[in-house]
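Chemist: So here's coords_12.txt (compact mmCIF, C-alpha atoms).
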# COMPACT_ATOMS: atom_id res chain seq x y z
CA GLN O 1 13.98 67.92 157.21
CA LEU O 2 12.17 64.95 158.79
CA HIS O 3 13.26 65.94 162.31
CA ILE O 4 14.35 62.36 163.08
CA THR O 5 17.78 60.75 163.08
CA GLN O 6 19.32 59.04 160.06
CA SER O 7 19.45 55.74 161.96
CA THR O 8 15.70 55.93 162.61
CA VAL O 9 15.00 56.55 158.92
CA SER O 10 17.20 53.60 157.94
CA SER O 11 15.51 51.38 160.51
CA ARG O 12 12.02 52.27 159.26
CA ILE O 13 13.02 51.62 155.65
CA GLN O 14 14.42 48.24 156.66
CA GLU O 15 11.21 47.36 158.53
CA LEU O 16 9.09 48.28 155.50
CA GLU O 17 11.30 46.24 153.16
CA ASN O 18 11.10 43.24 155.51
CA HIS O 19 7.32 43.57 155.74
CA LEU O 20 6.89 43.76 151.95
CA GLY O 21 9.57 41.18 151.18
CA GLN O 22 10.93 43.54 148.54
CA LYS O 23 14.00 45.72 148.30
CA LEU O 24 12.85 49.31 147.83
CA PHE O 25 16.18 51.17 147.59
CA GLU O 26 19.53 50.55 145.99
CA ARG O 27 22.25 51.74 148.32
CA ALA O 28 25.43 53.22 146.81
CA SER O 29 28.22 55.57 147.84
CA LYS O 30 26.31 58.53 146.31
CA GLY O 31 23.11 57.81 148.23
CA LEU O 32 19.86 55.94 147.60
CA SER O 33 17.87 55.27 144.44
CA LEU O 34 14.53 53.54 144.06
CA THR O 35 14.30 49.96 142.83
CA PRO O 36 11.45 48.96 140.44
CA ALA O 37 9.48 47.85 143.51
CA GLY O 38 10.18 51.21 145.13
CA TYR O 39 8.78 53.07 142.13
CA LYS O 40 5.63 50.92 142.28
CA LEU O 41 5.19 51.86 145.93
CA VAL O 42 5.38 55.65 145.35
CA PRO O 43 1.79 56.26 144.10
CA TYR O 44 0.38 54.16 146.96
CA ALA O 45 2.40 56.18 149.50
CA GLU O 46 1.16 59.43 147.93
CA ASN O 47 -2.43 58.17 148.09
CA MET O 48 -1.98 57.34 151.77
CA VAL O 49 -0.81 60.89 152.48
CA THR O 50 -3.77 62.28 150.53
CA LEU O 51 -6.20 59.99 152.36
CA GLU O 52 -4.85 61.15 155.72
CA ARG O 53 -5.23 64.80 154.72
CA THR O 54 -8.77 64.19 153.43
CA MET O 55 -9.73 62.37 156.62
CA LEU O 56 -8.48 65.19 158.83
CA ASP O 57 -10.12 67.79 156.61
CA ASN O 58 -13.50 66.05 156.59
CA ILE O 59 -13.47 65.39 160.33
CA SER O 60 -12.65 69.03 161.00
CA ARG O 61 -15.76 70.09 159.07
CA SER O 62 -17.97 68.27 161.55
CA ASN O 63 -16.62 69.98 164.64
CA THR O 64 -15.34 73.35 165.75
CA ARG O 65 -11.68 72.61 165.10
CA MET O 66 -10.14 74.91 162.50
CA ARG O 67 -8.82 73.62 159.20
CA PHE O 68 -5.29 74.93 159.07
CA LEU O 69 -3.74 75.91 155.77
CA ASN O 70 0.05 76.11 155.99
CA ILE O 71 1.52 78.58 153.52
CA GLY O 72 5.22 78.99 152.79
CA ILE O 73 5.87 82.54 151.61
CA SER O 74 8.67 85.10 151.45
CA ASP O 75 8.46 88.26 153.57
CA SER O 76 8.42 90.47 150.47
CA ILE O 77 5.50 88.64 148.83
CA TYR O 78 3.61 88.59 152.12
CA TYR O 79 3.88 92.34 152.65
CA ALA O 80 3.27 93.25 148.99
CA TYR O 81 0.27 90.99 148.40
CA MET O 82 -0.87 88.66 151.11
CA ARG O 83 -1.40 90.96 154.08
CA ARG O 84 -4.00 92.86 152.04
CA LEU O 85 -5.94 89.68 151.28
CA VAL O 86 -5.97 88.01 154.68
CA PRO O 87 -8.70 90.05 156.48
CA ASP O 88 -11.29 89.57 153.71
CA PHE O 89 -10.41 85.90 153.33
CA LEU O 90 -10.83 85.19 157.04
CA LYS O 91 -14.19 86.96 157.08
CA ALA O 92 -15.40 84.92 154.10
CA HIS O 93 -14.03 81.63 155.46
CA PRO O 94 -14.24 81.51 159.28
CA GLU O 95 -13.70 77.74 159.15
CA ILE O 96 -10.15 78.12 157.78
CA SER O 97 -7.11 79.22 159.80
CA LEU O 98 -3.97 80.42 158.01
CA ASN O 99 -0.44 79.67 159.14
CA PHE O 100 2.27 81.63 157.29
CA ILE O 101 5.82 80.28 157.32
CA SER O 102 8.49 82.65 156.04
CA LYS O 103 11.45 81.00 154.29
CA SER O 104 13.62 81.50 151.22
CA SER O 105 12.24 80.04 147.99
CA PRO O 106 14.59 76.99 147.95
CA ASP O 107 13.82 76.25 151.62
CA MET O 108 10.10 76.52 150.96
CA MET O 109 10.36 73.93 148.19
CA ASN O 110 11.94 71.55 150.69
CA TYR O 111 9.15 72.26 153.17
CA LEU O 112 6.60 71.57 150.45
CA GLN O 113 8.24 68.27 149.59
CA ASP O 114 8.24 67.25 153.28
CA ASN O 115 4.55 68.20 153.74
CA GLN O 116 5.41 70.96 156.21
CA VAL O 117 3.52 73.47 154.07
CA ASP O 118 0.47 72.95 151.84
CA ILE O 119 1.23 75.76 149.39
CA CYS O 120 4.48 77.49 148.51
CA ILE O 121 4.21 81.04 147.10
CA SER O 122 7.47 82.23 145.60
CA PHE O 123 9.30 83.53 142.55
CA LEU O 124 10.40 80.00 141.63
CA PRO O 125 8.26 77.52 139.67
CA ASN O 126 8.39 73.80 140.36
CA TYR O 127 8.61 71.66 137.24
CA ASP O 128 8.26 68.33 139.02
CA LYS O 129 5.31 66.47 137.45
CA SER O 130 3.88 65.59 140.85
CA TYR O 131 3.38 69.29 141.62
CA GLU O 132 0.96 71.87 140.27
CA THR O 133 2.48 75.28 139.54
CA LEU O 134 0.06 78.18 139.07
CA THR O 135 1.19 81.58 137.81
CA LEU O 136 -0.32 84.11 140.20
CA ALA O 137 1.13 87.36 138.89
CA GLU O 138 3.47 88.99 136.41
CA ASP O 139 5.23 92.12 137.61
CA GLU O 140 7.24 94.83 135.92
CA ILE O 141 10.65 95.77 137.32
CA ILE O 142 11.11 99.54 137.54
CA LEU O 143 13.88 101.89 138.69
CA ALA O 144 12.54 103.73 141.74
CA THR O 145 13.86 106.62 143.81
CA GLY O 146 12.64 109.28 146.23
CA ARG O 147 10.55 112.12 144.80
CA HIS O 148 13.34 114.61 145.59
CA ASN O 149 15.73 112.89 143.12
CA THR O 150 14.69 114.60 139.88
CA GLU O 151 17.91 114.49 137.84
CA TYR O 152 16.80 111.55 135.68
CA VAL O 153 13.02 112.01 135.61
CA ASN O 154 13.13 112.09 131.80
CA GLY O 155 15.20 108.92 131.51
CA ILE O 156 18.52 107.36 132.43
CA SER O 157 21.09 105.64 130.22
CA LYS O 158 22.85 102.37 130.96
CA GLU O 159 26.12 104.25 131.47
CA ALA O 160 24.54 106.64 133.96
CA LEU O 161 22.99 103.75 135.85
CA GLY O 162 26.50 102.47 136.54
CA ARG O 163 27.43 105.80 138.16
CA ILE O 164 24.51 106.43 140.52
CA PRO O 165 24.11 105.00 144.05
CA VAL O 166 22.06 101.81 143.72
CA TYR O 167 20.36 99.95 146.54
CA ALA O 168 19.97 96.24 145.82
CA SER O 169 17.55 93.60 147.02
CA LEU O 170 18.70 90.03 146.59
CA PHE O 171 15.50 89.10 144.73
CA PHE O 172 17.45 89.60 141.49
CA HIS O 173 19.11 86.24 142.19
CA VAL O 174 15.72 84.58 141.87
CA ASN O 175 16.08 83.23 138.34
CA ARG O 176 18.57 82.92 135.51
CA ASP O 177 17.08 85.67 133.33
CA MET O 178 17.27 88.20 136.14
CA LYS O 179 20.84 87.22 137.00
CA GLN O 180 21.87 87.56 133.36
CA TRP O 181 20.26 90.97 133.03
CA TYR O 182 22.05 92.30 136.11
CA ALA O 183 25.36 90.83 134.94
CA SER O 184 25.02 92.48 131.52
CA THR O 185 23.79 95.82 132.89
CA PHE O 186 26.16 96.58 135.76
CA PRO O 187 29.99 96.60 135.60
CA ALA O 188 31.67 93.52 137.04
CA ASN O 189 33.17 95.53 139.91
CA PHE O 190 30.00 97.48 140.67
CA HIS O 191 29.35 98.06 144.38
CA TYR O 192 25.83 98.56 145.66
CA ARG O 193 25.47 101.21 148.35
CA ILE O 194 23.03 99.00 150.28
CA GLN O 195 22.22 95.31 149.90
CA THR O 196 19.42 93.44 151.66
CA ASP O 197 17.42 90.25 151.23
CA VAL O 198 14.15 92.01 152.12
CA ILE O 199 12.75 94.53 149.64
CA TRP O 200 10.90 96.46 152.32
CA ASN O 201 14.16 97.46 153.98
CA LEU O 202 14.95 99.63 150.95
CA ILE O 203 11.84 101.80 150.92
CA TYR O 204 12.86 103.96 153.90
CA PHE O 205 16.28 104.62 152.36
CA LEU O 206 14.76 105.45 148.98
CA LYS O 207 12.42 107.99 150.56
CA ASN O 208 15.14 109.63 152.61
CA GLY O 209 18.38 109.10 150.67
CA ASP O 210 19.94 109.73 147.30
CA GLY O 211 19.79 106.15 146.03
CA TYR O 212 17.88 104.20 143.39
CA ALA O 213 16.60 100.63 143.39
CA LEU O 214 15.19 98.18 140.86
CA LEU O 215 11.96 96.88 142.34
CA PRO O 216 8.73 95.13 141.28
CA ARG O 217 6.17 97.85 140.57
CA THR O 218 3.42 96.22 142.62
CA PHE O 219 5.65 96.01 145.69
CA ILE O 220 5.82 99.82 145.90
CA LEU O 221 2.45 100.65 144.35
CA ASP O 222 1.27 102.61 147.41
CA GLU O 223 4.43 104.74 147.44
CA LEU O 224 4.11 105.44 143.70
CA GLU O 225 0.48 106.42 144.09
CA ASN O 226 1.10 108.78 147.03
CA GLY O 227 4.14 110.29 145.32
CA SER O 228 6.76 109.44 147.93
CA LEU O 229 8.59 107.36 145.31
CA ILE O 230 8.87 107.98 141.57
CA SER O 231 9.72 105.72 138.62
CA ILE O 232 12.70 106.61 136.41
CA PRO O 233 12.44 105.61 132.71
CA MET O 234 15.30 103.35 131.56
CA ASP O 235 16.62 104.20 128.08
CA PHE O 236 18.05 100.72 127.43
CA ASP O 237 17.00 97.06 127.61
CA ARG O 238 14.44 96.71 130.40
CA PRO O 239 14.73 94.01 133.07
CA PRO O 240 12.76 90.80 132.49
CA HIS O 241 9.39 90.62 134.17
CA LEU O 242 9.13 88.87 137.51
CA TYR O 243 6.63 86.02 137.94
CA MET O 244 5.07 84.83 141.15
CA TYR O 245 3.93 81.22 141.51
CA ALA O 246 1.87 79.05 143.79
CA CYS O 247 3.24 75.50 143.98
CA LEU O 248 1.49 72.57 145.62
CA LYS O 249 1.17 68.83 145.31
CA LYS O 250 -1.47 67.93 142.74
CA GLN O 251 -3.53 65.84 145.14
CA LEU O 252 -4.16 68.94 147.30
CA LEU O 253 -5.98 70.81 144.52
CA GLN O 254 -9.27 69.15 145.46
CA GLU O 255 -9.14 70.15 149.12
CA HIS O 256 -11.76 72.71 150.10
CA LYS O 257 -9.38 74.96 152.03
CA VAL O 258 -6.89 75.01 149.14
CA GLN O 259 -9.53 75.76 146.52
CA CYS O 260 -10.97 78.61 148.58
CA PHE O 261 -7.57 80.16 149.20
CA LEU O 262 -6.35 79.93 145.61
CA ASP O 263 -9.60 81.30 144.17
CA GLU O 264 -9.43 84.32 146.46
CA VAL O 265 -5.72 84.94 146.00
CA ILE O 266 -5.75 84.68 142.21
CA LYS O 267 -8.73 87.03 141.93
CA LYS O 268 -7.35 89.70 144.26
CA ILE O 269 -3.71 89.53 143.13
CA GLN O 270 -4.52 89.78 139.44
CA LYS O 271 -6.79 92.77 140.12
CA ARG O 272 -4.06 94.60 142.05
CA ASN O 273 -1.27 93.57 139.71
CA SER O 274 -2.67 94.90 136.42
CA PHE O 275 -0.31 97.54 135.01
Using structure tokens, write down the structure that the file contains.
Modeler:
Amino acid sequence: QLHITQSTVSSRIQELENHLGQKLFERASKGLSLTPAGYKLVPYAENMVTLERTMLDNISRSNTRMRFLNIGISDSIYYAYMRRLVPDFLKAHPEISLNFISKSSPDMMNYLQDNQVDICISFLPNYDKSYETLTLAEDEIILATGRHNTEYVNGISKEALGRIPVYASLFFHVNRDMKQWYASTFPANFHYRIQTDVIWNLIYFLKNGDGYALLPRTFILDELENGSLISIPMDFDRPPHLYMYACLKKQLLQEHKVQCFLDEVIKKIQKRNSF
């Protein structure tokens, strides 16, 4: 994650310990743990990172260099929400340049920890006390299909759901509640006709095939509104709602570029996501 060798990391730690005259890590077979002196150093190290960011941010305000905001985001969230917000945001804030980095939610958390992204937008919250987690949206999971599939327009039972062709997006692995719902709803040996890790790959097949898919309503809002996809009522326990979060280190909340982005995103996403 640091893009340097293990020996270089060890050497730099040793140099810092020698300079401070204090042992910062306890070394054991299972890895490293902080000593009391190491824990005392942590807030100072975090302040140094914040000071560097603030310095670069303030200097960039006084010249023509853009202030880059690095955003870790999944493809599905980008296409469902973010692409609609970007043009208006860039017009309102010409001094800010956006850099989107597409990764899985666990990978994005690692990028956030290593300061490779400023904000992580995903379906996973971060409960670490050094991070701020903001709930951006709550979405309903619906059963969608092409408008030509009218057999279950008045409702489908749990038993019937296990007999129809289902297309699956891997977003249902995103949290424990969703995993439990899928496990209790579908038979253990159930085979999905199509599986993909990107929700958008399913829309073409839904429009042109005989399958059904459980999807966040907002992700296919355009298709529902133009009638190319329809929602099938489920006559049994509904899936848990899906939550979208913005996670960032607490010290970044005061940065101008972060405040501007979050204010705009929260306002626009909540307006679009009301159902």
Chemist: As an exercise, work out the distance from atom CA of Lys91 of chain O to atom CA of Cys260 of chain O in Å and give it to one decimal place.
Modeler: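 Rounded to one decimal, the two atoms are 12.3 Å apart.
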Chemist: For Ala80 of chain O, which residue out of O:Ser130, O:Thr218, O:Ser105, O:Asn18 is the nearest one, using only C-alpha atoms?
Modeler: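 Counting only C-alpha atoms, the residue closest to Ala80 of chain O is O:Thr218.
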Chemist: Can you measure atom CA of Ile194 of chain O to atom CA of Phe100 of chain O for me? One decimal in Å is fine.
Modeler: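 Interatomic distance, atom CA of Ile194 of chain O to atom CA of Phe100 of chain O: 28.0 Å.
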Chemist: Rounded to one decimal in Å, what is the spacing between atom CA of Lys268 of chain O and atom CA of Tyr81 of chain O?
Modeler: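 These two atoms are separated by 8.8 Å.
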Chemist: Residues near Ile269 of chain O, anyone? I mean within 9 Å using all atoms listed in the file, not counting same-chain ones fewer than 6 positions away, as a list in words.
Modeler: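 In the requested form, the answer reads Tyr81, Met82, Leu85, Leu136 and Ala137 of chain O.
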Chemist: Pick the closest to Arg238 of chain O from O:Tyr39, O:Tyr79, O:Tyr127, O:Trp181: which is it, counting only C-alpha atoms?
Modeler: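 The closest residue to Arg238 of chain O is O:Trp181.
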Chemist: Rank O:Arg163, O:Asp177, O:Ile119, O:Asp263 by their smallest atom-to-atom distance to Asn189 of chain O, using only C-alpha atoms, and report the top residue only.
Modeler: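 Of the candidates, the smallest distance to Asn189 of chain O is held by O:Arg163.
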Chemist: For Lys249 of chain O, which residue out of O:Leu98, O:Val117, O:Phe123, O:Leu32 is the nearest one, using only C-alpha atoms?
Modeler: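 Result for the nearest residue to Lys249 of chain O: O:Val117.
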Chemist: Calculated over all atoms listed in the file, which of the candidates O:Ala213, O:His19, O:Leu248, O:Ser33 has the smallest distance to Asp114 of chain O?
Modeler: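 Smallest separation from Asp114 of chain O among the options: O:Leu248.
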Chemist: So which residues fall inside 8 Å of (3.3, 88.6, 134.7) if we count all atoms listed in the file? Mind giving them as a list of chain:residue names?
Modeler: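 Collected hits near the coordinates: O:Thr135, O:Leu136, O:Ala137, O:Glu138, O:Asp139, O:Glu140, O:His241, O:Leu242, O:Tyr243, O:Met244.
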Chemist: Compile the contact shell of Gln116 of chain O as a list in words: residues with an atom at most 12 Å away, counting all atoms listed in the file, same-chain residues fewer than 4 positions apart removed.
Modeler: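 Near Gln116 of chain O, the qualifying residues are Gln1, Leu2, His3, Phe68, Leu69, Asn70, Ile71, Gly72, Asn99, Phe100, Ile101, Lys103, Asp107, Met108, Met109, Asn110, Tyr111, Leu112, Cys120, Leu248 and Lys249 of chain O.
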Chemist: So, counting all atoms listed in the file, which residue among O:Pro43, O:Pro36, O:Gly211, O:Pro216 is closest to Ile77 of chain O?
Modeler: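 That would be O:Pro216, the residue with the smallest distance to Ile77 of chain O.
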Chemist: Compile the contact shell of Lys158 of chain O as a ChimeraX atom specification: residues with an atom at most 10 Å away, counting all atoms listed in the file, same-chain residues fewer than 5 positions apart removed.
Modeler: /O:163,185-186,234-237
Chemist: Generate a file of the selected residues that holds C-alpha atoms, formatted as a CSV table (one decimal), in the frame of the given file.
Modeler:
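Output below, filename again.csv:
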chain,number,residue,atom,x,y,z
O,163,ARG,CA,27.4,105.8,138.2
O,185,THR,CA,23.8,95.8,132.9
O,186,PHE,CA,26.2,96.6,135.8
O,234,MET,CA,15.3,103.4,131.6
O,235,ASP,CA,16.6,104.2,128.1
O,236,PHE,CA,18.0,100.7,127.4
O,237,ASP,CA,17.0,97.1,127.6
Chemist: Using the file's own x, y and z axes, what box holds all listed atoms of segment 135-148 of chain O with 8 Å on each side, keeping edges along x, y and z, and what are its centre and edge lengths in Å to one decimal, as lines of an AutoDock Vina configuration file?
Modeler:
center_x = 6.8
center_y = 98.1
center_z = 141.1
size_x = 30.2
size_y = 49.0
size_z = 26.3
